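For reference, the structure discussed in these notes is given below.
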Amino acid sequence: MNFPRRRVLHLAASAVAVATVSRTARGQAYPTRPVRIIVGFTPGGTTDIAARLIGQWLSERLSQQFVIENRPGAGSNIAAEAAINASPDGYTLLLVGAPNAINATLYEKLNFDFIRDIAPVGGIIRTALVMQVNPSVPAKTVPEFIAYANANPGKVNMSSAGIGSAPHVAGELFKMMTGLNMVHVPYRGASPSLSDLIAGQVQVTFESMPSSIGYVRAGTLRALAVTTAERSKALPAIPTVGEFVPGYESSALHGVSAPRNTPVEIIDKLNQAFNAALAEPAIKARLAEMGATVLAGSPADFGRLMADETEKWAKVVTFSGAKPE
């Protein structure tokens, strides 16, 4: 059967219109059932806390439960792979951050390419790390610490929450930019790392603000600097590392991604919910208590940020020679 050209064009336009309406309706209806947010670490840590805050905000705004599913292991790679292989329907999300950017270089063989296989949804928070020492260390400033470490090459122990963790690479970036010879001592998490710092078994660490701030305020540990480009409102009297080591910046980023090919209407709806929540004064105040600042923006903004972080930490991981345990 031969259709007139005008009839063919009309049918094609109708098909496009139907598809557009269908996509719009799908975005408006989402979500119609609970959504899971996969987290690559155990409950209680900074990443888990960030995920639970996000889940609470989304549950309130989108009238469905956003359930946190902890899948620790392999530096968060197990969680990333589970999310990447999930159906791209918006019902599986991944809490992402610095570990995902670091792992791209730290692990030689992964079953996925994070930047290629994940669709960025949006940033949530940026958290400072704290360069802190045991009070027995005779250094009250970053320059004094550099002088102390230079006078004791190979004798200053730097703890971290594990090989390839944000505290580890923050310390390695400091070593790379200052030329210091410090010994990395990895632990299985922030708690044992900080416990040994308090006990004087190690001398310095670059740990996250939420894990550290209580010890710093109590005077149990001495904060020398924060690692973000700007001073933290949670510890306004503490300078940044960059004030003494120009160009230094390190922070723990947290955001959300979805499997590649997740409908853009769903991603946009989630992103709008994030940004609306992050604009609320009560939520900003809650984040400030944790030493975090908001990281609002578009999916494209967050995608570019993660790509930049991946490139940045590739250089540091290569410099350190770190290998996964």
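The chains in the structure tokens are called A, B, ... from first to last as shown; in each chain the residues are counted from 1, and the ligands are counted from 1 in the order shown.
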(Q) Can you pull out the residues contacting range 268-285 of chain A? Cut-off 9 Å, using only C-alpha atoms, and skip same-chain residues under 3 positions away; I want them as a list in words. (A) Gly27, Gln28, Tyr30, Ile54, Trp57, Leu58, Arg61, Leu62, Val121, Gly122, Gly123, Ile124, Ile125, Pro263, Val264, Glu265, Ala288, Glu289, Met290, Ala292, Thr293, Val294, Leu295, Ala296, Gly297, Ser298 and Pro299 of chain A
**Q.** Backbone DSSP call of strand (DSSP E) for range 50-112 of chain A, listed as a PyMOL selection string
**A.** chain A and resi 66-70+92-97
Q. Could you pull out the helix (DSSP H, G or I) residues of range 33-279 of chain A from DSSP and send them as number ranges by chain?
A. A: 46-62, 74-84, 98-106, 114-117, 142-151, 166-178, 190-199, 209-218, 241-243, 264-278
Q) Which neighbours of Arg36 in chain A fall inside 12 Å, counting only C-alpha atoms, when residues of the same chain fewer than 6 positions from it are skipped, and could you give them as number ranges by chain? A) A: 51-52, 54-56, 58-59, 64-71, 79, 82-83, 86-87, 89-95, 256-258
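The space separating CA of Pro135 in chain A from CA of Ala229 in chain A comes to 25.0 Å.
Proximity ranking of A:Ser136, A:Thr141, A:Ser165, A:Ser211 relative to Ala199 in chain A places A:Ser136 first, based on only C-alpha atoms.
Closest approach to Ala170 in chain A from the set A:Lys155, A:Arg116, A:Lys312, A:Arg286 is made by A:Lys312, with distances taken over only C-alpha atoms.
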Q. Restricting the calculation to only C-alpha atoms, which member of A:Gly179, A:Ser212, A:Leu53, A:His254 is positioned closest to Met306 in chain A?
A. A:His254
Non-local contacts of Pro210 in chain A (12 Å; only C-alpha atoms; under 5 positions in same chain excluded) as a PDB file with N, CA, C and O atoms, in the first residue's frame:
ATOM      1  N   GLY A  44      27.202   3.516  59.170  1.00  0.00           N
ATOM      2  CA  GLY A  44      27.821   4.323  60.209  1.00  0.00           C
ATOM      3  C   GLY A  44      28.883   5.288  59.747  1.00  0.00           C
ATOM      4  O   GLY A  44      29.183   6.261  60.442  1.00  0.00           O
ATOM      5  N   GLY A  45      29.499   5.043  58.585  1.00  0.00           N
ATOM      6  CA  GLY A  45      30.541   5.929  58.093  1.00  0.00           C
ATOM      7  C   GLY A  45      29.968   7.150  57.395  1.00  0.00           C
ATOM      8  O   GLY A  45      28.751   7.290  57.234  1.00  0.00           O
ATOM      9  N   THR A  46      30.861   8.033  56.963  1.00  0.00           N
ATOM     10  CA  THR A  46      30.434   9.269  56.316  1.00  0.00           C
ATOM     11  C   THR A  46      29.602   9.006  55.068  1.00  0.00           C
ATOM     12  O   THR A  46      28.570   9.654  54.841  1.00  0.00           O
ATOM     13  N   THR A  47      30.033   8.047  54.258  1.00  0.00           N
ATOM     14  CA  THR A  47      29.304   7.734  53.020  1.00  0.00           C
ATOM     15  C   THR A  47      27.907   7.223  53.328  1.00  0.00           C
ATOM     16  O   THR A  47      26.927   7.618  52.685  1.00  0.00           O
ATOM     17  N   ASP A  48      27.798   6.357  54.324  1.00  0.00           N
ATOM     18  CA  ASP A  48      26.497   5.814  54.715  1.00  0.00           C
ATOM     19  C   ASP A  48      25.594   6.911  55.268  1.00  0.00           C
ATOM     20  O   ASP A  48      24.397   6.956  54.955  1.00  0.00           O
ATOM     21  N   ILE A  49      26.163   7.805  56.076  1.00  0.00           N
ATOM     22  CA  ILE A  49      25.382   8.908  56.635  1.00  0.00           C
ATOM     23  C   ILE A  49      24.841   9.790  55.522  1.00  0.00           C
ATOM     24  O   ILE A  49      23.668  10.193  55.525  1.00  0.00           O
ATOM     25  N   ALA A  50      25.704  10.092  54.538  1.00  0.00           N
ATOM     26  CA  ALA A  50      25.270  10.908  53.404  1.00  0.00           C
ATOM     27  C   ALA A  50      24.128  10.236  52.654  1.00  0.00           C
ATOM     28  O   ALA A  50      23.139  10.879  52.281  1.00  0.00           O
ATOM     29  N   ARG A 126      30.071  18.193  49.587  1.00  0.00           N
ATOM     30  CA  ARG A 126      31.526  18.144  49.571  1.00  0.00           C
ATOM     31  C   ARG A 126      31.976  18.280  51.026  1.00  0.00           C
ATOM     32  O   ARG A 126      31.576  19.230  51.715  1.00  0.00           O
ATOM     33  N   THR A 127      32.804  17.341  51.479  1.00  0.00           N
ATOM     34  CA  THR A 127      33.231  17.333  52.874  1.00  0.00           C
ATOM     35  C   THR A 127      34.736  17.488  52.959  1.00  0.00           C
ATOM     36  O   THR A 127      35.490  16.814  52.255  1.00  0.00           O
ATOM     37  N   ALA A 128      35.173  18.372  53.840  1.00  0.00           N
ATOM     38  CA  ALA A 128      36.605  18.554  54.062  1.00  0.00           C
ATOM     39  C   ALA A 128      37.185  17.371  54.824  1.00  0.00           C
ATOM     40  O   ALA A 128      36.500  16.708  55.601  1.00  0.00           O
ATOM     41  N   LEU A 129      38.454  17.110  54.589  1.00  0.00           N
ATOM     42  CA  LEU A 129      39.224  16.226  55.449  1.00  0.00           C
ATOM     43  C   LEU A 129      40.064  17.119  56.358  1.00  0.00           C
ATOM     44  O   LEU A 129      40.263  18.301  56.062  1.00  0.00           O
ATOM     45  N   VAL A 130      40.525  16.560  57.460  1.00  0.00           N
ATOM     46  CA  VAL A 130      41.303  17.339  58.420  1.00  0.00           C
ATOM     47  C   VAL A 130      42.699  16.738  58.542  1.00  0.00           C
ATOM     48  O   VAL A 130      42.847  15.553  58.835  1.00  0.00           O
ATOM     49  N   ALA A 190      38.058   4.331  59.372  1.00  0.00           N
ATOM     50  CA  ALA A 190      38.493   5.548  60.055  1.00  0.00           C
ATOM     51  C   ALA A 190      38.685   5.345  61.546  1.00  0.00           C
ATOM     52  O   ALA A 190      39.605   5.903  62.141  1.00  0.00           O
ATOM     53  N   SER A 191      37.831   4.545  62.160  1.00  0.00           N
ATOM     54  CA  SER A 191      37.881   4.385  63.620  1.00  0.00           C
ATOM     55  C   SER A 191      39.220   3.842  64.120  1.00  0.00           C
ATOM     56  O   SER A 191      39.836   4.447  65.005  1.00  0.00           O
ATOM     57  N   TYR A 215      36.923  14.858  68.076  1.00  0.00           N
ATOM     58  CA  TYR A 215      38.248  14.760  68.693  1.00  0.00           C
ATOM     59  C   TYR A 215      38.977  16.101  68.637  1.00  0.00           C
ATOM     60  O   TYR A 215      39.673  16.476  69.577  1.00  0.00           O
ATOM     61  N   VAL A 216      38.808  16.819  67.531  1.00  0.00           N
ATOM     62  CA  VAL A 216      39.472  18.113  67.380  1.00  0.00           C
ATOM     63  C   VAL A 216      38.903  19.118  68.373  1.00  0.00           C
ATOM     64  O   VAL A 216      39.640  19.842  69.060  1.00  0.00           O
ATOM     65  N   ARG A 217      37.582  19.183  68.477  1.00  0.00           N
ATOM     66  CA  ARG A 217      36.951  20.130  69.392  1.00  0.00           C
ATOM     67  C   ARG A 217      37.277  19.818  70.848  1.00  0.00           C
ATOM     68  O   ARG A 217      37.373  20.726  71.690  1.00  0.00           O
ATOM     69  N   SER A 232      36.645  25.708  56.476  1.00  0.00           N
ATOM     70  CA  SER A 232      35.371  25.092  56.822  1.00  0.00           C
ATOM     71  C   SER A 232      34.643  25.926  57.872  1.00  0.00           C
ATOM     72  O   SER A 232      35.248  26.389  58.848  1.00  0.00           O
ATOM     73  N   ALA A 234      32.691  24.760  59.936  1.00  0.00           N
ATOM     74  CA  ALA A 234      32.651  23.964  61.162  1.00  0.00           C
ATOM     75  C   ALA A 234      33.888  24.207  62.026  1.00  0.00           C
ATOM     76  O   ALA A 234      33.826  24.085  63.252  1.00  0.00           O
ATOM     77  N   LEU A 235      35.018  24.548  61.375  1.00  0.00           N
ATOM     78  CA  LEU A 235      36.261  24.836  62.099  1.00  0.00           C
ATOM     79  C   LEU A 235      36.881  26.097  61.482  1.00  0.00           C
ATOM     80  O   LEU A 235      37.936  26.044  60.848  1.00  0.00           O
ATOM     81  N   ALA A 252      36.137  15.025  50.170  1.00  0.00           N
ATOM     82  CA  ALA A 252      35.298  13.845  49.988  1.00  0.00           C
ATOM     83  C   ALA A 252      34.003  14.284  49.324  1.00  0.00           C
ATOM     84  O   ALA A 252      33.221  15.034  49.914  1.00  0.00           O
ATOM     85  N   ARG A 286      22.183  21.365  58.871  1.00  0.00           N
ATOM     86  CA  ARG A 286      22.524  19.986  59.256  1.00  0.00           C
ATOM     87  C   ARG A 286      23.839  19.566  58.614  1.00  0.00           C
ATOM     88  O   ARG A 286      24.683  18.937  59.258  1.00  0.00           O
ATOM     89  N   LEU A 287      24.038  19.925  57.364  1.00  0.00           N
ATOM     90  CA  LEU A 287      25.269  19.580  56.666  1.00  0.00           C
ATOM     91  C   LEU A 287      26.456  20.341  57.251  1.00  0.00           C
ATOM     92  O   LEU A 287      27.561  19.800  57.365  1.00  0.00           O
ATOM     93  N   ALA A 288      26.226  21.598  57.636  1.00  0.00           N
ATOM     94  CA  ALA A 288      27.301  22.392  58.221  1.00  0.00           C
ATOM     95  C   ALA A 288      27.794  21.772  59.517  1.00  0.00           C
ATOM     96  O   ALA A 288      28.990  21.832  59.835  1.00  0.00           O
ATOM     97  N   GLU A 289      26.888  21.176  60.285  1.00  0.00           N
ATOM     98  CA  GLU A 289      27.272  20.505  61.527  1.00  0.00           C
ATOM     99  C   GLU A 289      28.243  19.361  61.249  1.00  0.00           C
ATOM    100  O   GLU A 289      29.099  19.046  62.072  1.00  0.00           O
ATOM    101  N   MET A 290      28.092  18.727  60.093  1.00  0.00           N
ATOM    102  CA  MET A 290      28.978  17.631  59.687  1.00  0.00           C
ATOM    103  C   MET A 290      30.277  18.136  59.064  1.00  0.00           C
ATOM    104  O   MET A 290      31.165  17.347  58.754  1.00  0.00           O
ATOM    105  N   GLY A 291      30.373  19.448  58.866  1.00  0.00           N
ATOM    106  CA  GLY A 291      31.540  19.993  58.180  1.00  0.00           C
ATOM    107  C   GLY A 291      31.432  19.862  56.679  1.00  0.00           C
ATOM    108  O   GLY A 291      32.441  19.841  55.971  1.00  0.00           O
ATOM    109  N   ALA A 292      30.199  19.780  56.171  1.00  0.00           N
ATOM    110  CA  ALA A 292      29.978  19.597  54.732  1.00  0.00           C
ATOM    111  C   ALA A 292      29.348  20.837  54.123  1.00  0.00           C
ATOM    112  O   ALA A 292      28.673  21.614  54.805  1.00  0.00           O
TER     113      ALA A 292
END
Q: Record the distance separating CA of Thr105 in chain A and CA of Ala314 in chain A, expressed in Å with one decimal.
A: 5.4 Å
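Shortest separation to Pro31 in chain A among A:Ile78, A:Val316, A:Ile266, A:Val245 occurs at residue A:Ile266, atoms counted being only C-alpha atoms.
Atom to atom, CA of Asn103 in chain A and CA of Met209 in chain A stand 21.8 Å apart.
Look at Ala151 in chain A: the protein and nucleic acid residues within 12 Å of it, using only C-alpha atoms and passing over chain neighbours fewer than 3 places away, are A:Pro138, A:Glu144, A:Phe145, A:Ile146, A:Ala147, A:Tyr148, A:Gly154, A:Lys155, A:Val156, A:Leu180, A:Asn181, A:Met182.
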Restricting the output to N, CA and C atoms, write the selected residues as a compact mmCIF listing (two decimals), in the first residue's frame.
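Result saved to selection_11.txt:
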# COMPACT_ATOMS: atom_id res chain seq x y z
N PRO A 138 55.49 17.82 67.85
CA PRO A 138 55.87 19.22 68.10
C PRO A 138 55.65 20.12 66.89
N GLU A 144 55.41 24.04 60.28
CA GLU A 144 56.15 23.38 61.36
C GLU A 144 56.14 21.87 61.17
N PHE A 145 55.02 21.33 60.69
CA PHE A 145 54.95 19.89 60.46
C PHE A 145 55.89 19.50 59.32
N ILE A 146 55.92 20.28 58.26
CA ILE A 146 56.81 19.99 57.13
C ILE A 146 58.26 19.97 57.61
N ALA A 147 58.61 20.94 58.44
CA ALA A 147 59.98 21.00 58.97
C ALA A 147 60.26 19.78 59.85
N TYR A 148 59.29 19.39 60.66
CA TYR A 148 59.44 18.23 61.53
C TYR A 148 59.61 16.94 60.72
N GLY A 154 61.20 9.28 56.91
CA GLY A 154 60.90 7.86 57.08
C GLY A 154 60.50 7.46 58.48
N LYS A 155 60.40 8.44 59.39
CA LYS A 155 60.04 8.13 60.78
C LYS A 155 58.66 8.64 61.16
N VAL A 156 58.04 9.39 60.28
CA VAL A 156 56.69 9.90 60.54
C VAL A 156 55.69 8.96 59.88
N LEU A 180 57.79 15.18 51.03
CA LEU A 180 58.05 14.56 52.33
C LEU A 180 58.14 13.04 52.21
N ASN A 181 58.94 12.46 53.07
CA ASN A 181 59.08 11.01 53.16
C ASN A 181 58.36 10.54 54.42
N MET A 182 57.08 10.16 54.25
CA MET A 182 56.29 9.64 55.37
C MET A 182 55.87 8.22 55.05
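With only C-alpha atoms as the atoms that count, the residue of A:Val133, A:Ile267, A:Ile238, A:Ala218 with the shortest distance to Ile198 in chain A is A:Val133.
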